[in-house]
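Participant: Input structure: protein_7.pdb, which contains PDB, C-alpha atoms and all ligand atoms.
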```pdb
ATOM      1  CA  MET A   1       0.000   0.000   0.000
ATOM      2  CA  ARG A   2       1.230   3.456  -0.950
ATOM      3  CA  ILE A   3       0.521   6.387   1.393
ATOM      4  CA  ASP A   4       1.646   9.885   0.389
ATOM      5  CA  VAL A   5       1.748  12.765   2.864
ATOM      6  CA  LEU A   6       1.834  16.432   1.838
ATOM      7  CA  THR A   7       3.214  18.589   4.660
ATOM      8  CA  ILE A   8       5.430  21.519   5.579
ATOM      9  CA  LEU A   9       6.872  19.425   8.452
ATOM     10  CA  PRO A  10       8.242  16.340   6.675
ATOM     11  CA  GLU A  11      10.655  15.549   9.528
ATOM     12  CA  VAL A  12       7.741  15.145  11.968
ATOM     13  CA  VAL A  13       5.918  12.674   9.711
ATOM     14  CA  GLN A  14       9.205  10.937   8.843
ATOM     15  CA  ALA A  15      10.003  10.414  12.539
ATOM     16  CA  PHE A  16       6.551   9.111  13.426
ATOM     17  CA  THR A  17       6.394   6.667  10.526
ATOM     18  CA  SER A  18       9.942   5.375  11.069
ATOM     19  CA  ALA A  19       9.383   3.986  14.565
ATOM     20  CA  SER A  20       7.886   0.749  15.842
ATOM     21  CA  LEU A  21       5.071  -0.881  13.851
ATOM     22  CA  LEU A  22       5.055   1.590  10.944
ATOM     23  CA  GLY A  23       8.845   1.691  10.711
ATOM     24  CA  LYS A  24       8.991  -2.112  10.446
ATOM     25  CA  ALA A  25       6.235  -2.132   7.812
ATOM     26  CA  ARG A  26       8.170   0.464   5.786
ATOM     27  CA  ARG A  27      11.435  -1.498   6.043
ATOM     28  CA  ASP A  28       9.558  -4.660   5.025
ATOM     29  CA  ARG A  29       8.142  -2.772   1.992
ATOM     30  CA  VAL A  30       4.580  -3.557   3.104
ATOM     31  CA  LEU A  31       3.865   0.178   3.434
ATOM     32  CA  ASP A  32       5.307   2.569   0.832
ATOM     33  CA  ILE A  33       5.009   5.872   2.712
ATOM     34  CA  ARG A  34       6.179   8.879   0.660
ATOM     35  CA  ILE A  35       6.509  12.212   2.405
ATOM     36  CA  HIS A  36       6.507  15.406   0.338
ATOM     37  CA  ASP A  37       7.620  18.821   1.598
ATOM     38  CA  LEU A  38       5.180  21.406   0.219
ATOM     39  CA  ARG A  39       8.010  23.967   0.372
ATOM     40  CA  ASP A  40       9.802  22.038  -2.383
ATOM     41  CA  SER A  41       7.052  23.372  -4.665
ATOM     42  CA  ALA A  42       7.440  26.997  -3.564
ATOM     43  CA  THR A  43       8.887  29.299  -6.234
ATOM     44  CA  ASP A  44      10.514  32.100  -4.206
ATOM     45  CA  VAL A  45      13.805  32.150  -2.299
ATOM     46  CA  HIS A  46      11.941  32.156   1.027
ATOM     47  CA  ARG A  47      10.036  28.975   0.039
ATOM     48  CA  THR A  48       6.741  30.695   0.887
ATOM     49  CA  VAL A  49       3.650  28.479   1.035
ATOM     50  CA  ASP A  50       1.245  30.761   2.952
ATOM     51  CA  ASP A  51      -0.293  34.211   2.604
ATOM     52  CA  SER A  52      -2.774  36.484   4.394
ATOM     53  CA  PRO A  53      -6.505  35.911   3.871
ATOM     54  CA  PHE A  54      -8.546  37.900   1.354
ATOM     55  CA  GLY A  55     -11.212  39.769   3.309
ATOM     56  CA  GLY A  56      -8.885  40.296   6.238
ATOM     57  CA  GLY A  57      -8.564  38.607   9.593
ATOM     58  CA  ALA A  58      -5.923  36.985  11.711
ATOM     59  CA  GLY A  59      -3.533  34.268  10.608
ATOM     60  CA  MET A  60      -2.368  32.836   7.334
ATOM     61  CA  VAL A  61      -3.779  30.566   4.641
ATOM     62  CA  LEU A  62      -1.999  27.783   2.698
ATOM     63  CA  LYS A  63      -1.595  28.963  -0.903
ATOM     64  CA  PRO A  64      -2.987  26.855  -3.757
ATOM     65  CA  GLU A  65       0.107  26.766  -6.039
ATOM     66  CA  PRO A  66       2.455  24.617  -3.866
ATOM     67  CA  VAL A  67      -0.304  22.053  -3.232
ATOM     68  CA  PHE A  68      -1.492  21.759  -6.855
ATOM     69  CA  ASP A  69       2.146  21.693  -8.030
ATOM     70  CA  THR A  70       3.088  18.895  -5.626
ATOM     71  CA  VAL A  71       0.079  16.784  -6.594
ATOM     72  CA  GLU A  72       0.707  17.250 -10.334
ATOM     73  CA  ARG A  73       4.434  16.503  -9.908
ATOM     74  CA  VAL A  74       4.191  13.334  -7.791
ATOM     75  CA  ASP A  75       0.776  12.002  -8.949
ATOM     76  CA  PRO A  76      -0.087  10.602  -5.503
ATOM     77  CA  PRO A  77      -2.696   7.888  -4.915
ATOM     78  CA  ARG A  78      -6.376   8.762  -4.449
ATOM     79  CA  PRO A  79      -8.401   9.453  -2.431
ATOM     80  CA  LEU A  80      -6.695  12.682  -1.430
ATOM     81  CA  VAL A  81      -7.788  13.322   2.167
ATOM     82  CA  TYR A  82      -7.575  16.727   3.854
ATOM     83  CA  LEU A  83      -7.267  16.525   7.660
ATOM     84  CA  THR A  84      -9.264  19.264   9.362
ATOM     85  CA  PRO A  85     -11.501  19.709  12.414
ATOM     86  CA  ALA A  86     -14.206  20.631   9.861
ATOM     87  CA  GLY A  87     -14.117  17.136   8.311
ATOM     88  CA  ARG A  88     -16.324  14.094   8.833
ATOM     89  CA  PRO A  89     -15.380  12.224  12.032
ATOM     90  CA  PHE A  90     -12.698   9.605  11.227
ATOM     91  CA  ASP A  91     -13.646   6.200  12.615
ATOM     92  CA  GLN A  92     -12.783   2.501  12.321
ATOM     93  CA  GLY A  93     -15.084   2.248   9.275
ATOM     94  CA  HIS A  94     -12.986   4.846   7.404
ATOM     95  CA  ALA A  95      -9.840   2.994   8.494
ATOM     96  CA  ARG A  96     -11.188  -0.313   7.131
ATOM     97  CA  ARG A  97     -12.208   1.278   3.831
ATOM     98  CA  LEU A  98      -8.825   2.952   3.319
ATOM     99  CA  ALA A  99      -7.013  -0.278   4.301
ATOM    100  CA  GLY A 100      -8.968  -2.125   1.610
ATOM    101  CA  GLY A 101      -7.627   0.069  -1.214
ATOM    102  CA  ASP A 102      -4.248   0.418  -2.953
ATOM    103  CA  GLY A 103      -3.362   3.680  -1.220
ATOM    104  CA  PHE A 104      -4.351   7.227  -0.373
ATOM    105  CA  THR A 105      -2.867  10.675   0.200
ATOM    106  CA  LEU A 106      -3.040  12.905   3.270
ATOM    107  CA  LEU A 107      -2.865  16.696   3.051
ATOM    108  CA  CYS A 108      -1.739  18.301   6.319
ATOM    109  CA  GLY A 109      -3.011  21.825   6.808
ATOM    110  CA  ARG A 110      -1.333  24.461   8.951
ATOM    111  CA  TYR A 111      -2.097  28.100   9.662
ATOM    112  CA  GLU A 112      -5.800  29.062   9.851
ATOM    113  CA  GLY A 113      -6.634  26.794   6.945
ATOM    114  CA  ILE A 114      -6.092  26.183   3.252
ATOM    115  CA  ASP A 115      -7.262  28.074   0.162
ATOM    116  CA  GLN A 116     -10.806  26.918  -0.623
ATOM    117  CA  ARG A 117      -9.856  26.090  -4.253
ATOM    118  CA  ILE A 118      -7.683  23.237  -2.980
ATOM    119  CA  ARG A 119     -10.730  21.792  -1.211
ATOM    120  CA  ASP A 120     -13.029  22.379  -4.180
ATOM    121  CA  HIS A 121     -10.792  21.093  -6.978
ATOM    122  CA  LEU A 122      -8.160  18.748  -5.490
ATOM    123  CA  VAL A 123      -9.370  17.202  -2.234
ATOM    124  CA  ASP A 124     -11.599  14.083  -2.398
ATOM    125  CA  GLU A 125     -12.704  14.026   1.223
ATOM    126  CA  GLU A 126     -12.181  15.843   4.520
ATOM    127  CA  LEU A 127     -11.683  13.905   7.757
ATOM    128  CA  SER A 128     -11.427  15.023  11.385
ATOM    129  CA  ILE A 129      -9.734  12.969  14.125
ATOM    130  CA  GLY A 130     -11.713  14.759  16.836
ATOM    131  CA  ASP A 131     -13.318  17.944  18.089
ATOM    132  CA  TYR A 132     -10.227  19.961  18.987
ATOM    133  CA  VAL A 133      -7.883  22.197  17.024
ATOM    134  CA  LEU A 134      -4.262  21.214  16.403
ATOM    135  CA  ALA A 135      -1.511  23.518  15.164
ATOM    136  CA  GLY A 136      -1.304  21.409  12.012
ATOM    137  CA  GLY A 137      -2.504  18.178  10.420
ATOM    138  CA  GLU A 138       0.700  16.157  10.930
ATOM    139  CA  VAL A 139      -0.361  14.471  14.175
ATOM    140  CA  ALA A 140      -3.778  13.746  12.627
ATOM    141  CA  ALA A 141      -1.974  12.165   9.649
ATOM    142  CA  GLY A 142      -0.039   9.976  12.099
ATOM    143  CA  VAL A 143      -3.321   8.847  13.661
ATOM    144  CA  VAL A 144      -4.854   7.937  10.284
ATOM    145  CA  ILE A 145      -1.700   6.176   9.017
ATOM    146  CA  GLU A 146      -1.426   4.059  12.179
ATOM    147  CA  ALA A 147      -5.144   3.198  12.329
ATOM    148  CA  VAL A 148      -5.162   2.192   8.638
ATOM    149  CA  GLY A 149      -1.671   0.700   8.567
ATOM    150  CA  ARG A 150      -2.327  -1.849  11.319
ATOM    151  CA  LEU A 151      -5.229  -3.215   9.244
ATOM    152  CA  VAL A 152      -3.067  -3.794   6.142
ATOM    153  CA  PRO A 153      -2.156  -7.487   5.752
ATOM    154  CA  GLY A 154       1.459  -8.112   6.793
ATOM    155  CA  VAL A 155       1.819  -5.077   9.056
ATOM    156  CA  LEU A 156       0.925  -6.867  12.289
ATOM    157  CA  GLY A 157       2.617 -10.118  13.221
ATOM    158  CA  ASN A 158       0.668 -13.371  13.658
ATOM    159  CA  SER A 159       0.647 -13.095  17.470
ATOM    160  CA  GLU A 160      -0.812  -9.572  17.345
ATOM    161  CA  SER A 161      -3.223  -9.944  14.426
ATOM    162  CA  VAL A 162      -6.241  -7.643  14.266
ATOM    163  CA  ASP A 163      -8.947  -8.439  16.802
ATOM    164  CA  ASP A 164     -12.055  -8.320  14.618
ATOM    165  CA  GLU A 165     -14.232  -8.468  17.738
ATOM    166  CA  SER A 166     -13.279  -5.097  19.218
ATOM    167  CA  PHE A 167     -15.235  -2.223  17.706
ATOM    168  CA  SER A 168     -16.656  -4.387  14.902
ATOM    169  CA  ASP A 169     -19.824  -4.909  16.947
ATOM    170  CA  GLY A 170     -19.827  -1.312  18.170
ATOM    171  CA  LEU A 171     -18.933  -1.972  21.817
ATOM    172  CA  LEU A 172     -15.945  -0.897  23.897
ATOM    173  CA  GLU A 173     -13.311  -3.354  25.082
ATOM    174  CA  TYR A 174     -13.810  -5.527  28.167
ATOM    175  CA  PRO A 175     -11.237  -5.497  31.025
ATOM    176  CA  HIS A 176      -7.984  -7.390  30.462
ATOM    177  CA  TYR A 177      -5.784  -9.073  33.073
ATOM    178  CA  THR A 178      -2.475 -10.931  33.055
ATOM    179  CA  ARG A 179      -0.201 -12.445  35.692
ATOM    180  CA  PRO A 180       0.139 -12.163  38.627
ATOM    181  CA  ALA A 181      -3.351 -13.406  39.607
ATOM    182  CA  GLY A 182      -3.068 -11.341  42.767
ATOM    183  CA  TYR A 183      -1.329  -7.969  42.884
ATOM    184  CA  ARG A 184      -1.301  -5.738  45.981
ATOM    185  CA  GLY A 185      -4.425  -7.566  47.157
ATOM    186  CA  TRP A 186      -6.307  -6.965  43.893
ATOM    187  CA  GLU A 187      -7.396 -10.338  42.518
ATOM    188  CA  VAL A 188      -8.146 -11.242  38.915
ATOM    189  CA  PRO A 189     -11.889 -12.063  38.641
ATOM    190  CA  ASP A 190     -12.440 -15.802  39.322
ATOM    191  CA  VAL A 191     -14.439 -16.304  36.123
ATOM    192  CA  LEU A 192     -11.335 -15.567  33.994
ATOM    193  CA  ARG A 193      -9.460 -18.395  35.751
ATOM    194  CA  SER A 194     -12.376 -20.836  35.772
ATOM    195  CA  GLY A 195     -11.652 -22.473  32.408
ATOM    196  CA  ASP A 196     -15.349 -22.078  31.511
ATOM    197  CA  HIS A 197     -14.908 -20.483  28.061
ATOM    198  CA  GLY A 198     -18.610 -19.858  27.538
ATOM    199  CA  ARG A 199     -18.878 -18.027  30.853
ATOM    200  CA  VAL A 200     -15.683 -16.053  30.108
ATOM    201  CA  ALA A 201     -17.158 -14.932  26.761
ATOM    202  CA  ARG A 202     -20.425 -13.861  28.446
ATOM    203  CA  TRP A 203     -18.534 -12.013  31.230
ATOM    204  CA  ARG A 204     -16.497 -10.126  28.640
ATOM    205  CA  ARG A 205     -19.559  -9.197  26.617
ATOM    206  CA  ALA A 206     -21.405  -8.099  29.782
ATOM    207  CA  TRP A 207     -18.478  -5.828  30.708
ATOM    208  CA  SER A 208     -18.260  -4.450  27.153
ATOM    209  CA  LEU A 209     -21.943  -3.572  27.375
ATOM    210  CA  ARG A 210     -21.604  -2.052  30.853
ATOM    211  CA  ARG A 211     -18.637   0.132  29.850
ATOM    212  CA  THR A 212     -20.297   1.235  26.632
ATOM    213  CA  ILE A 213     -23.563   2.165  28.359
ATOM    214  CA  ASP A 214     -21.633   4.153  30.990
ATOM    215  CA  VAL A 215     -19.136   6.071  28.842
ATOM    216  CA  ARG A 216     -20.484   5.949  25.263
ATOM    217  CA  PRO A 217     -24.286   5.955  25.211
ATOM    218  CA  ASP A 218     -24.034   7.281  21.623
ATOM    219  CA  LEU A 219     -22.561   3.905  20.563
ATOM    220  CA  ILE A 220     -25.452   2.070  22.250
ATOM    221  CA  ALA A 221     -27.970   4.270  20.408
ATOM    222  CA  ALA A 222     -26.121   3.661  17.098
ATOM    223  CA  ARG A 223     -26.601  -0.103  17.442
ATOM    224  CA  GLY A 224     -30.303   0.327  18.170
ATOM    225  CA  GLY A 225     -30.422   0.399  21.974
ATOM    226  CA  ILE A 226     -30.229  -2.331  24.588
ATOM    227  CA  THR A 227     -31.964  -5.652  23.918
ATOM    228  CA  ASP A 228     -33.598  -7.988  26.444
ATOM    229  CA  ALA A 229     -30.668 -10.368  25.869
ATOM    230  CA  ASP A 230     -28.266  -7.549  26.803
ATOM    231  CA  LEU A 231     -30.213  -6.865  30.024
ATOM    232  CA  ALA A 232     -30.161 -10.571  30.919
ATOM    233  CA  LEU A 233     -26.408 -10.694  30.351
ATOM    234  CA  LEU A 234     -25.834  -7.660  32.590
ATOM    235  CA  ALA A 235     -28.000  -9.211  35.322
ATOM    236  CA  GLU A 236     -26.101 -12.549  35.109
ATOM    237  CA  PHE A 237     -22.928 -10.768  36.281
ATOM    238  CA  ASP A 238     -24.628  -8.281  38.625
ATOM    239  CA  LEU A 239     -23.798  -5.416  36.241
ATOM    240  CA  SER A 240     -27.275  -3.904  35.968
ATOM    241  CA  ALA A 241     -26.201  -0.709  37.766
ATOM    242  CA  PRO A 242     -23.551   1.713  36.448
ATOM    243  CA  ALA A 243     -20.050   0.361  36.936
ATOM    244  CA  VAL A 244     -17.339   1.977  39.003
ATOM    245  CA  ASP A 245     -14.357  -0.336  38.660
ATOM    246  CA  PRO A 246     -14.115  -4.122  38.313
ATOM    247  CA  HIS A 247     -12.820  -4.362  41.904
ATOM    248  CA  GLU A 248     -15.450  -2.207  43.567
ATOM    249  CA  ARG A 249     -18.188  -4.792  43.325
TER     250      ARG A 249
HETATM  251  C1  LIG A 301      -5.648  21.843  11.068
HETATM  252  C2  LIG A 301      -6.770  24.219  10.252
HETATM  253  C3  LIG A 301      -6.292  21.912   9.849
HETATM  254  O1  LIG A 301      -6.502  20.432  13.818
HETATM  255  C4  LIG A 301      -6.663  19.553  13.006
HETATM  256  C5  LIG A 301      -7.608  18.438  13.257
HETATM  257  C6  LIG A 301      -8.422  18.285  14.384
HETATM  258  N1  LIG A 301      -9.130  17.174  14.206
HETATM  259  N2  LIG A 301      -8.802  16.625  13.069
HETATM  260  C7  LIG A 301      -7.882  17.350  12.453
HETATM  261  O2  LIG A 301      -6.002  19.533  11.796
HETATM  262  C8  LIG A 301      -5.046  20.561  11.529
HETATM  263  C9  LIG A 301      -5.586  22.951  11.914
HETATM  264  C10 LIG A 301      -6.137  24.142  11.499
HETATM  265  C11 LIG A 301      -6.859  23.114   9.442
END
```
How would this structure read if it were set down as structure tokens?
Facilitator:
Amino acid sequence: MRIDVLTILPEVVQAFTSASLLGKARRDRVLDIRIHDLRDSATDVHRTVDDSPFGGGAGMVLKPEPVFDTVERVDPPRPLVYLTPAGRPFDQGHARRLAGGDGFTLLCGRYEGIDQRIRDHLVDEELSIGDYVLAGGEVAAGVVIEAVGRLVPGVLGNSESVDDESFSDGLLEYPHYTRPAGYRGWEVPDVLRSGDHGRVARWRRAWSLRRTIDVRPDLIAARGGITDADLALLAEFDLSAPAVDPHER
């Protein structure tokens, strides 16, 4: 998979995509990540890529010429995605769709924004990684590349392969435990050590439901509310009331 990134901070994107999981995938040639410095397409000695907004106001705007020039010079893969708080909320569904293609391109904005003609005539879609404002799109690009990259076959090892359970059914993760079974007097729940795989699966699902109801009621609504089977599962593990912490019950 080829992923191109258009940025004025290539060293930031280079560093992020050279470490750990993404770095290994790049070395293994599973991910072909190409980082382009928008300033390489500037035409003046100062390598200017921004200018003040028509109509006045604070801040600067990314000029159209360096972005169009870069895209026409390197012919990056589509879709071309602009990362902005004004975009559609990026989620696991977007990550799966992008991971299923041959590649995509990320445009990192800076300043107050980018010239509208880039959005109208070059960008295919606008995505937001959350409701906050960053100084630039580079960290958002890192988020998208990692979320998509880990879904690309060959990026994760066999022992860490993608858990298709988490998020795919729209619920949050259940609690995880490892050794030691007792730590500072806090014991791992007996059910997880019982060897009863059916009961373990029901306990995990009950906790996923409980956590999702408590912290993400929007996800519960999106899957059509709570069913009678869900309520029975919560009751089986005494989770009918809002949870505090697995050890406080
Ligand atoms: C950016 C103007 C783009 O801040 C972000 C962002 C927040 N959620 N998703 C992306 O992108 C950088 C800043 C200012 C345009």
Participant: Would you write out, as a tab-separated table, a table of all residues in region 78-183 of chain A that have an atom no more than 8 Å from an atom of region 2-10 of chain A, listing for each the closest atom pair and the distance in Å to one decimal, considering all atoms listed in the file and ordering rows by chain and rising residue number?
Facilitator:
```
residue	atom	partner	partner_atom	distance
A:Asp102	CA	A:Arg2	CA	6.6
A:Gly103	CA	A:Arg2	CA	4.6
A:Phe104	CA	A:Ile3	CA	5.2
A:Thr105	CA	A:Asp4	CA	4.6
A:Leu106	CA	A:Val5	CA	4.8
A:Leu107	CA	A:Leu6	CA	4.9
A:Cys108	CA	A:Thr7	CA	5.2
A:Gly109	CA	A:Thr7	CA	7.3
A:Glu138	CA	A:Thr7	CA	7.2
A:Ala141	CA	A:Val5	CA	7.8
A:Ile145	CA	A:Ile3	CA	7.9
```
Participant: Name each residue within 12 Å of ligand LIG 301 (chain A), counting all atoms listed in the file, as a ChimeraX atom specification.
Facilitator: /A:7,59-62,81-91,106-116,119,126-144
Participant: Please list as a PyMOL selection string every residue within 9 Å of Ser240 (chain A), counting all atoms listed in the file and excluding residues in the same chain fewer than 6 positions away.
Facilitator: chain A and resi 210+231-234
Participant: Work out how far apart CA of Leu122 (chain A) and CA of Ala15 (chain A) are and give it in Å to one decimal.
Facilitator: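 One can read the CA of Leu122 (chain A) to CA of Ala15 (chain A) distance as 26.9 Å.
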Participant: Can you tell me which residues surround Ala42 (chain A) at a distance of at most 8 Å, considering only C-alpha atoms, apart from same-chain residues fewer than 6 positions away, and format the answer as an mmCIF file with C-alpha atoms, in the frame of the given file?
Facilitator:
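Output contents, as saved in around19.cif:
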```cif
data_model
loop_
_atom_site.group_PDB
_atom_site.id
_atom_site.type_symbol
_atom_site.label_atom_id
_atom_site.label_comp_id
_atom_site.auth_asym_id
_atom_site.auth_seq_id
_atom_site.Cartn_x
_atom_site.Cartn_y
_atom_site.Cartn_z
ATOM 1 C CA THR A 48 6.741 30.695 0.887
ATOM 2 C CA VAL A 49 3.650 28.479 1.035
ATOM 3 C CA GLU A 65 0.107 26.766 -6.039
ATOM 4 C CA PRO A 66 2.455 24.617 -3.866
#
```
Participant: Edge lengths and centre in Å to one decimal, as AutoDock Vina command-line options, of the axis-aligned box that encloses all listed atoms of region 132-141 of chain A with 6 Å added on every side?
Facilitator:
```
--center_x -4.8 --center_y 17.8 --center_z 14.3 --size_x 22.9 --size_y 23.4 --size_z 21.3
```
Participant: What's around Ser18 (chain A) at 12 Å? Count only C-alpha atoms, leave out sequence neighbours fewer than 3 positions away in its own chain, and write the answer as a list of chain:residue names.
Facilitator: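 Counting only C-alpha atoms, the residues come to A:Pro10, A:Glu11, A:Val12, A:Val13, A:Gln14, A:Ala15, A:Leu21, A:Leu22, A:Gly23, A:Lys24, A:Ala25, A:Arg26, A:Arg27, A:Asp28, A:Leu31, A:Asp32, A:Ile33, A:Arg34, A:Ile35, A:Gly142, A:Ile145, A:Glu146.
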Participant: Pick the closest to Leu38 (chain A) from A:Ser52, A:Gln92, A:Thr70, A:Thr227: which is it, counting only C-alpha atoms?
Facilitator: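 Ranked by minimum distance to Leu38 (chain A), first place goes to A:Thr70.
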Participant: As a VMD selection string, please: the residues near Ser208 (chain A) (cut-off 8 Å, only C-alpha atoms, same-chain neighbours under 5 positions excluded).
Facilitator: chain A and resid 171 to 174
Participant: Next, write the just-selected residues to a file, as a PDB file, keeping the file's coordinate frame, keeping C-alpha atoms as the atom set.
Facilitator:
```pdb
ATOM      1  CA  LEU A 171     -18.933  -1.972  21.817  1.00  0.00           C
ATOM      2  CA  LEU A 172     -15.945  -0.897  23.897  1.00  0.00           C
ATOM      3  CA  GLU A 173     -13.311  -3.354  25.082  1.00  0.00           C
ATOM      4  CA  TYR A 174     -13.810  -5.527  28.167  1.00  0.00           C
TER       5      TYR A 174
END
```
Participant: When distances are computed from all atoms listed in the file, which of A:Gly185, A:Pro77, A:Asp37, A:Arg199 shows the smallest separation from Glu236 (chain A)?
Facilitator: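 Looking at the shortest contact to Glu236 (chain A), the residue is A:Arg199.
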Participant: If I take CA of Gly101 (chain A) and CA of Pro79 (chain A), how far is one from the other in Å, to one decimal?
Facilitator: 9.5 Å
Participant: Which residues, protein or nucleic acid, reach to within 12 Å of (-1.5, -16.0, 34.5) in the file's coordinates when using only C-alpha atoms, and can you give that as a ChimeraX atom specification?
Facilitator: /A:176-183,187-190,192-194
Participant: Save the residues we just selected, C-alpha atoms, as a PDB file, keeping the file's coordinate frame?
Facilitator:
```pdb
ATOM      1  CA  HIS A 176      -7.984  -7.390  30.462  1.00  0.00           C
ATOM      2  CA  TYR A 177      -5.784  -9.073  33.073  1.00  0.00           C
ATOM      3  CA  THR A 178      -2.475 -10.931  33.055  1.00  0.00           C
ATOM      4  CA  ARG A 179      -0.201 -12.445  35.692  1.00  0.00           C
ATOM      5  CA  PRO A 180       0.139 -12.163  38.627  1.00  0.00           C
ATOM      6  CA  ALA A 181      -3.351 -13.406  39.607  1.00  0.00           C
ATOM      7  CA  GLY A 182      -3.068 -11.341  42.767  1.00  0.00           C
ATOM      8  CA  TYR A 183      -1.329  -7.969  42.884  1.00  0.00           C
ATOM      9  CA  GLU A 187      -7.396 -10.338  42.518  1.00  0.00           C
ATOM     10  CA  VAL A 188      -8.146 -11.242  38.915  1.00  0.00           C
ATOM     11  CA  PRO A 189     -11.889 -12.063  38.641  1.00  0.00           C
ATOM     12  CA  ASP A 190     -12.440 -15.802  39.322  1.00  0.00           C
ATOM     13  CA  LEU A 192     -11.335 -15.567  33.994  1.00  0.00           C
ATOM     14  CA  ARG A 193      -9.460 -18.395  35.751  1.00  0.00           C
ATOM     15  CA  SER A 194     -12.376 -20.836  35.772  1.00  0.00           C
TER      16      SER A 194
END
```
Participant: Starting from the displayed file, determine the output of the PyMOL selection byres (((chain A and resi 150) around 10) and not hetatm) and express the residue list as a ChimeraX atom specification.
Facilitator: /A:21-22,25,95-96,99,145-149,151-157,160-162
Participant: Please report the interatomic distance between CA of Leu209 (chain A) and CA of Gly170 (chain A) in Å with one decimal.
Facilitator: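 For CA of Leu209 (chain A) relative to CA of Gly170 (chain A), the distance reads 9.7 Å.
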Participant: Looking at all atoms listed in the file, which of A:Ala222, A:Val215, A:Leu80, A:Leu239 is the one that sits closest to Arg202 (chain A)?
Facilitator: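 Of A:Ala222, A:Val215, A:Leu80, A:Leu239, the one nearest Arg202 (chain A), counting all atoms listed in the file, is A:Leu239.
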